[in-house]
$ cat my_file.tsv   # TSV, C-alpha atoms
chain	number	residue	atom	x	y	z
A	292	MET	CA	-13.59	101.91	-13.55
A	293	ALA	CA	-15.38	98.73	-12.45
A	294	ILE	CA	-13.30	95.73	-11.41
A	295	GLU	CA	-13.75	92.62	-13.55
A	296	PRO	CA	-15.93	90.18	-11.52
A	297	LEU	CA	-13.35	87.39	-11.32
A	298	ALA	CA	-10.70	89.84	-10.10
A	299	GLU	CA	-13.17	91.15	-7.53
A	300	LEU	CA	-13.83	87.59	-6.35
A	301	ARG	CA	-10.08	86.95	-5.97
A	302	ALA	CA	-9.70	90.21	-4.03
A	303	ARG	CA	-12.64	89.37	-1.78
A	304	THR	CA	-11.22	85.97	-0.82
A	305	ALA	CA	-7.55	87.03	-0.68
A	306	VAL	CA	-7.21	87.41	3.11
A	307	LEU	CA	-8.39	83.90	3.94
A	308	HIS	CA	-6.59	82.43	0.92
A	309	ARG	CA	-3.26	83.90	2.08
A	310	GLN	CA	-3.85	82.74	5.64
A	311	LEU	CA	-4.56	79.22	4.42
A	312	GLU	CA	-1.37	79.13	2.33
A	313	SER	CA	0.68	80.29	5.33
A	314	ALA	CA	-0.81	77.75	7.76
A	315	PRO	CA	2.22	75.75	8.98
A	316	ALA	CA	0.68	72.34	8.18
A	317	PHE	CA	0.27	73.37	4.53
A	318	ALA	CA	3.28	75.72	4.18
A	319	ARG	CA	5.56	72.82	5.23
A	320	LEU	CA	4.75	71.09	1.95
A	321	LEU	CA	6.75	73.68	0.01
A	322	GLN	CA	9.83	73.64	2.26
A	323	ALA	CA	13.07	72.14	0.97
A	324	ASP	CA	13.19	69.80	3.99
A	325	VAL	CA	9.62	68.54	3.62
A	326	ALA	CA	9.28	65.04	5.07
A	327	PRO	CA	6.79	62.22	4.42
A	328	ALA	CA	5.27	62.93	7.87
A	329	ASP	CA	4.52	66.52	6.73
A	330	VAL	CA	2.76	65.19	3.65
A	331	ALA	CA	0.75	62.72	5.74
A	332	GLN	CA	-0.28	65.50	8.15
A	333	ALA	CA	-1.51	67.77	5.34
A	334	LEU	CA	-3.31	64.94	3.57
A	335	SER	CA	-5.01	64.04	6.84
A	336	HIS	CA	-6.36	67.59	7.12
A	337	PHE	CA	-7.48	67.50	3.49
A	338	HIS	CA	-9.22	64.16	4.00
A	339	ALA	CA	-11.16	65.41	7.04
A	340	PHE	CA	-12.28	68.42	5.02
A	341	TYR	CA	-13.25	66.56	1.83
A	342	ALA	CA	-14.96	63.71	3.68
A	343	GLY	CA	-17.18	66.26	5.39
A	344	LEU	CA	-17.66	68.34	2.26
A	345	GLU	CA	-18.51	65.48	-0.06
A	346	ALA	CA	-21.03	63.97	2.36
A	347	SER	CA	-23.07	67.16	1.91
A	348	LEU	CA	-21.98	68.38	-1.52
A	349	LEU	CA	-22.28	65.30	-3.71
A	350	PRO	CA	-25.99	64.70	-2.96
A	351	ARG	CA	-26.68	68.39	-3.64
A	352	LEU	CA	-24.87	68.24	-7.00
A	353	GLN	CA	-26.80	65.23	-8.33
A	354	GLY	CA	-28.67	66.38	-11.41
A	355	SER	CA	-27.25	69.90	-11.10
A	356	PRO	CA	-25.49	71.69	-13.98
A	357	LEU	CA	-22.64	72.21	-11.49
A	358	ALA	CA	-22.06	68.46	-11.06
A	359	SER	CA	-19.45	68.18	-13.82
A	360	LEU	CA	-17.40	71.00	-12.28
A	361	TYR	CA	-16.56	69.15	-9.06
A	362	ARG	CA	-14.08	66.27	-9.01
A	363	PRO	CA	-14.36	64.07	-5.87
A	364	ARG	CA	-11.24	63.81	-3.74
A	365	GLN	CA	-12.03	61.84	-0.59
A	366	ALA	CA	-11.28	58.39	-2.08
A	367	LEU	CA	-7.92	59.58	-3.45
A	368	LEU	CA	-6.95	60.98	-0.07
A	369	ALA	CA	-8.07	57.83	1.79
A	370	ALA	CA	-5.91	55.73	-0.55
A	371	ASP	CA	-2.91	58.02	-0.04
A	372	LEU	CA	-3.29	57.96	3.74
A	373	ALA	CA	-3.39	54.16	3.62
A	374	THR	CA	-0.19	54.20	1.54
A	375	LEU	CA	1.40	56.41	4.19
A	376	GLY	CA	0.19	54.16	7.03
A	377	ARG	CA	-2.28	56.70	8.40
A	378	THR	CA	-5.87	56.19	9.47
A	379	PRO	CA	-8.18	58.93	8.16
A	380	SER	CA	-9.43	61.33	10.81
A	381	ALA	CA	-13.11	62.06	11.37
A	382	PRO	CA	-14.85	64.18	8.73
A	383	LEU	CA	-15.33	67.87	9.46
A	384	PRO	CA	-19.08	68.57	9.29
A	385	LEU	CA	-19.86	71.50	7.00
A	386	ALA	CA	-23.01	73.55	6.50
A	387	LEU	CA	-23.06	74.34	2.79
A	388	PRO	CA	-24.58	77.46	1.23
A	389	ALA	CA	-28.24	77.16	0.28
A	390	GLY	CA	-28.02	78.30	-3.34
A	391	ASP	CA	-26.14	77.24	-6.46
A	392	ALA	CA	-24.03	80.43	-6.45
A	393	GLY	CA	-22.66	79.56	-3.01
A	394	LEU	CA	-21.95	76.01	-4.15
A	395	LEU	CA	-20.14	77.43	-7.16
A	396	GLY	CA	-17.96	79.40	-4.73
A	397	VAL	CA	-17.10	76.16	-2.94
A	398	ILE	CA	-16.21	74.54	-6.28
A	399	TYR	CA	-14.15	77.60	-7.28
A	400	ALA	CA	-12.00	77.38	-4.15
A	401	VAL	CA	-11.62	73.60	-4.34
A	402	GLU	CA	-10.90	73.28	-8.05
A	403	GLY	CA	-8.55	76.27	-7.96
A	404	SER	CA	-6.47	74.35	-5.45
A	405	ALA	CA	-5.69	71.75	-8.12
A	406	LEU	CA	-3.56	74.35	-9.89
A	407	GLY	CA	-1.42	74.71	-6.76
A	408	GLY	CA	-1.40	70.95	-6.46
A	409	GLN	CA	0.64	70.74	-9.66
A	410	VAL	CA	3.34	72.90	-8.07
A	411	LEU	CA	3.26	70.78	-4.92
A	412	ASN	CA	3.51	67.55	-6.88
A	413	ARG	CA	6.64	68.78	-8.72
A	414	HIS	CA	8.15	69.95	-5.43
A	415	LEU	CA	7.48	66.63	-3.69
A	416	ARG	CA	9.06	64.78	-6.61
A	417	SER	CA	12.12	67.00	-6.35
A	418	CYS	CA	12.48	66.73	-2.56
A	419	LEU	CA	11.22	63.24	-1.77
A	420	GLY	CA	11.83	61.43	-5.04
A	421	ASP	CA	9.74	60.22	-7.95
A	422	GLU	CA	8.90	56.93	-6.27
A	423	PHE	CA	7.38	58.64	-3.21
A	424	ALA	CA	5.42	61.17	-5.25
A	425	ALA	CA	4.23	58.49	-7.70
A	426	SER	CA	2.88	56.44	-4.79
A	427	LEU	CA	0.40	59.24	-3.99
A	428	GLN	CA	-2.68	59.81	-6.14
A	429	TYR	CA	-4.17	63.04	-4.77
A	430	PHE	CA	-1.85	65.56	-6.42
A	431	SER	CA	-1.06	63.61	-9.60
A	432	ARG	CA	-4.61	62.48	-10.47
A	433	LEU	CA	-6.08	65.94	-9.97
A	434	ALA	CA	-3.39	67.41	-12.23
A	435	GLU	CA	-4.77	65.39	-15.17
A	436	GLY	CA	-6.70	67.74	-17.45
A	437	VAL	CA	-6.64	70.50	-14.86
A	438	GLY	CA	-6.23	73.30	-17.42
A	439	SER	CA	-9.32	72.53	-19.47
A	440	HIS	CA	-11.34	71.69	-16.37
A	441	TRP	CA	-10.38	74.99	-14.73
A	442	GLN	CA	-11.51	76.86	-17.84
A	443	GLN	CA	-14.96	75.25	-17.50
A	444	VAL	CA	-15.12	76.47	-13.89
A	445	LEU	CA	-14.07	79.98	-14.94
A	446	ASP	CA	-16.63	80.05	-17.77
A	447	ARG	CA	-19.41	79.18	-15.33
A	448	LEU	CA	-18.14	81.78	-12.86
A	449	ARG	CA	-18.09	84.51	-15.51
A	450	ARG	CA	-21.71	83.77	-16.41
A	451	THR	CA	-22.78	83.69	-12.76
A	452	LEU	CA	-20.88	86.69	-11.42
A	453	VAL	CA	-22.60	89.14	-13.79
A	454	GLU	CA	-25.94	88.41	-12.09
A	455	PRO	CA	-26.82	90.89	-9.31
A	456	GLY	CA	-25.86	89.74	-5.81
A	457	ARG	CA	-24.02	86.64	-6.97
A	458	LEU	CA	-20.52	87.91	-6.09
A	459	ASP	CA	-21.39	87.87	-2.39
A	460	GLU	CA	-22.88	84.37	-2.60
A	461	VAL	CA	-19.95	82.93	-4.57
A	462	GLY	CA	-17.46	84.67	-2.28
A	463	ALA	CA	-19.16	83.27	0.82
A	464	GLY	CA	-18.92	79.75	-0.61
A	465	ALA	CA	-15.21	80.17	-1.30
A	466	ASP	CA	-14.63	81.66	2.16
A	467	LEU	CA	-16.29	78.61	3.71
A	468	VAL	CA	-13.65	76.36	2.12
A	469	PHE	CA	-10.70	78.51	3.20
A	470	ALA	CA	-12.03	79.00	6.74
A	471	ALA	CA	-12.72	75.28	7.24
A	472	LEU	CA	-9.21	74.30	6.14
A	473	ILE	CA	-7.69	77.01	8.34
A	474	ARG	CA	-9.62	75.61	11.32
A	475	LEU	CA	-8.38	72.10	10.54
A	476	ALA	CA	-4.81	73.36	10.40
A	477	GLY	CA	-5.31	74.83	13.88
A	478	VAL	CA	-4.43	78.36	12.86
A	479	GLY	CA	-7.64	80.13	13.87
A	480	LEU	CA	-9.33	82.85	11.86
A	481	PRO	CA	-8.37	86.50	11.46
A	482	ALA	CA	-9.95	89.09	13.73
A	483	ALA	CA	-13.34	90.35	12.57
A	484	ALA	CA	-11.81	93.60	11.36
A	485	GLU	CA	-9.53	91.69	9.00
A	486	ARG	CA	-12.13	89.29	7.66
A	487	PRO	CA	-13.68	89.93	4.28
A	488	GLU	CA	-17.28	91.12	4.44

$ encode --input "my_file.tsv" --output "structure tokens"
Amino acid sequence: MAIEPLAELRARTAVLHRQLESAPAFARLLQADVAPADVAQALSHFHAFYAGLEASLLPRLQGSPLASLYRPRQALLAADLATLGRTPSAPLPLALPAGDAGLLGVIYAVEGSALGGQVLNRHLRSCLGDEFAASLQYFSRLAEGVGSHWQQVLDRLRRTLVEPGRLDEVGAGADLVFAALIRLAGVGLPAAAERPE
């Protein structure tokens, strides 16, 4: 029996996704003893990634049917780092996929992270207090309307993934996001034998 395309995409990207979630800089955010310095460190990594991504991605999305699927993040992260007294680090340069299917994979990985951001926002409120969490925009602003927005991303994915060869292109775009964030977190990448093809 054939695997449903979205499930196949999740399976294809699972190794890097799990490694990203276990990267110490990001895993610290879900610990009971999370500190403001941990949040600042993670947001600094996110800012370097999104500053590099958006410098390349936003011009490519202008006039594209994919444009409405991506919600910019760099400005939110810069504001949060300023609130935390941190200077943003240099952007991570990224070479984006050539085609729209690859860009959709990038959007899939990025916009999917907003779902996890809701969990993180609740956890930060619980551990560091409402005032601290409310002072940060990145997690709270991206939680607004995330359910309906995510459905739009999934609808576009379902239409794209049924086209021949698109699963590989979308998967490569998603892998690019996970691998770049893993590099920023200083974890390194899995051995070639463990990497998805």

$ atom_distance --input "my_file.tsv" --atom1 "atom CA of A:Glu454" --atom2 "atom CA of A:Arg351"
21.7 Å

$ residues_around --input "my_file.tsv" --residues "A:Pro327" --least-positions-apart "5" --cutoff "9 Å" --atoms "all atoms listed in the file" --output "list of chain:residue names"
A:Gln332, A:Leu375, A:Leu419, A:Phe423

$ closest_residue --input "my_file.tsv" --among "A:Leu445, A:Leu452, A:Leu320, A:Ala366" --to "A:Ala400" --atoms "all atoms listed in the file"
A:Leu445

$ residues_around --input "my_file.tsv" --residues "stretch 437-440 of chain A" --least-positions-apart "2" --cutoff "12 Å" --atoms "all atoms listed in the file" --output "PyMOL selection string"
chain A and resi 359-362+398-399+402-409+430-435+442-447

$ residues_around --input "my_file.tsv" --residues "A:Leu383" --least-positions-apart "3" --cutoff "6 Å" --atoms "all atoms listed in the file" --output "ChimeraX atom specification"
/A:339-340,343

$ atom_distance --input "my_file.tsv" --atom1 "atom CA of A:His336" --atom2 "atom CA of A:Ala370"
14.1 Å

$ atom_distance --input "my_file.tsv" --atom1 "atom CA of A:Thr378" --atom2 "atom CA of A:Val330"
13.8 Å

$ residues_around --input "my_file.tsv" --residues "A:Val325" --least-positions-apart "3" --cutoff "12 Å" --atoms "all atoms listed in the file" --output "VMD selection string"
chain A and resid 315 to 322 328 to 333 411 414 to 420

$ residues_around --input "my_file.tsv" --residues "A:Leu394" --least-positions-apart "6" --cutoff "8 Å" --atoms "all atoms listed in the file" --output "number ranges by chain"
A: 387-388, 461, 464

$ closest_residue --input "my_file.tsv" --among "A:Leu357, A:Ala389, A:Val401, A:Leu352" --to "A:Asp466" --atoms "all atoms listed in the file"
A:Val401

$ axis_aligned_box --input "my_file.tsv" --around "stretch 355-366 of chain A" --padding-each-side "4 Å" --output "lines of an AutoDock Vina configuration file"
center_x = -19.2
center_y = 65.3
center_z = -7.3
size_x = 24.0
size_y = 21.8
size_z = 21.4

$ closest_residue --input "my_file.tsv" --among "A:Ala314, A:Ala369, A:Leu307, A:Leu300" --to "A:Leu395" --atoms "all atoms listed in the file"
A:Leu300

$ closest_residue --input "my_file.tsv" --among "A:Ala392, A:Leu458, A:Leu297, A:Val397" --to "A:Ser347" --atoms "only C-alpha atoms"
A:Val397

$ closest_residue --input "my_file.tsv" --among "A:Ala302, A:Ala476, A:Ala463, A:Leu385" --to "A:Tyr341" --atoms "all atoms listed in the file"
A:Leu385

$ build_atoms --input "my_file.tsv" --residues "stretch 422-439 of chain A" --atoms "N, CA and C atoms" --output "compact mmCIF listing (two decimals), in the frame of the given file"
# COMPACT_ATOMS: atom_id res chain seq x y z
N GLU A 422 9.60 58.11 -6.76
CA GLU A 422 8.90 56.93 -6.27
C GLU A 422 7.89 57.32 -5.18
N PHE A 423 8.29 58.20 -4.27
CA PHE A 423 7.38 58.64 -3.21
C PHE A 423 6.20 59.39 -3.82
N ALA A 424 6.49 60.36 -4.66
CA ALA A 424 5.42 61.17 -5.25
C ALA A 424 4.48 60.31 -6.10
N ALA A 425 5.04 59.35 -6.84
CA ALA A 425 4.23 58.49 -7.70
C ALA A 425 3.33 57.56 -6.88
N SER A 426 3.70 57.33 -5.63
CA SER A 426 2.88 56.44 -4.79
C SER A 426 1.62 57.14 -4.28
N LEU A 427 1.54 58.46 -4.45
CA LEU A 427 0.40 59.24 -3.99
C LEU A 427 -0.46 59.66 -5.17
N GLN A 428 -1.77 59.52 -5.04
CA GLN A 428 -2.68 59.81 -6.14
C GLN A 428 -3.26 61.22 -6.11
N TYR A 429 -3.41 61.79 -4.92
CA TYR A 429 -4.17 63.04 -4.77
C TYR A 429 -3.66 64.14 -5.68
N PHE A 430 -2.38 64.46 -5.61
CA PHE A 430 -1.85 65.56 -6.42
C PHE A 430 -1.76 65.18 -7.90
N SER A 431 -1.29 63.97 -8.20
CA SER A 431 -1.06 63.61 -9.60
C SER A 431 -2.37 63.40 -10.36
N ARG A 432 -3.35 62.74 -9.76
CA ARG A 432 -4.61 62.48 -10.47
C ARG A 432 -5.39 63.76 -10.73
N LEU A 433 -5.35 64.69 -9.79
CA LEU A 433 -6.08 65.94 -9.97
C LEU A 433 -5.37 66.88 -10.95
N ALA A 434 -4.11 66.61 -11.24
CA ALA A 434 -3.39 67.41 -12.23
C ALA A 434 -3.81 67.04 -13.65
N GLU A 435 -4.38 65.85 -13.83
CA GLU A 435 -4.77 65.39 -15.17
C GLU A 435 -5.91 66.27 -15.70
N GLY A 436 -5.68 66.93 -16.81
CA GLY A 436 -6.70 67.74 -17.45
C GLY A 436 -7.11 68.97 -16.67
N VAL A 437 -6.26 69.40 -15.73
CA VAL A 437 -6.64 70.50 -14.86
C VAL A 437 -6.86 71.81 -15.63
N GLY A 438 -6.09 72.04 -16.68
CA GLY A 438 -6.23 73.30 -17.42
C GLY A 438 -7.59 73.45 -18.07
N SER A 439 -8.03 72.44 -18.80
CA SER A 439 -9.32 72.53 -19.47
C SER A 439 -10.46 72.50 -18.46
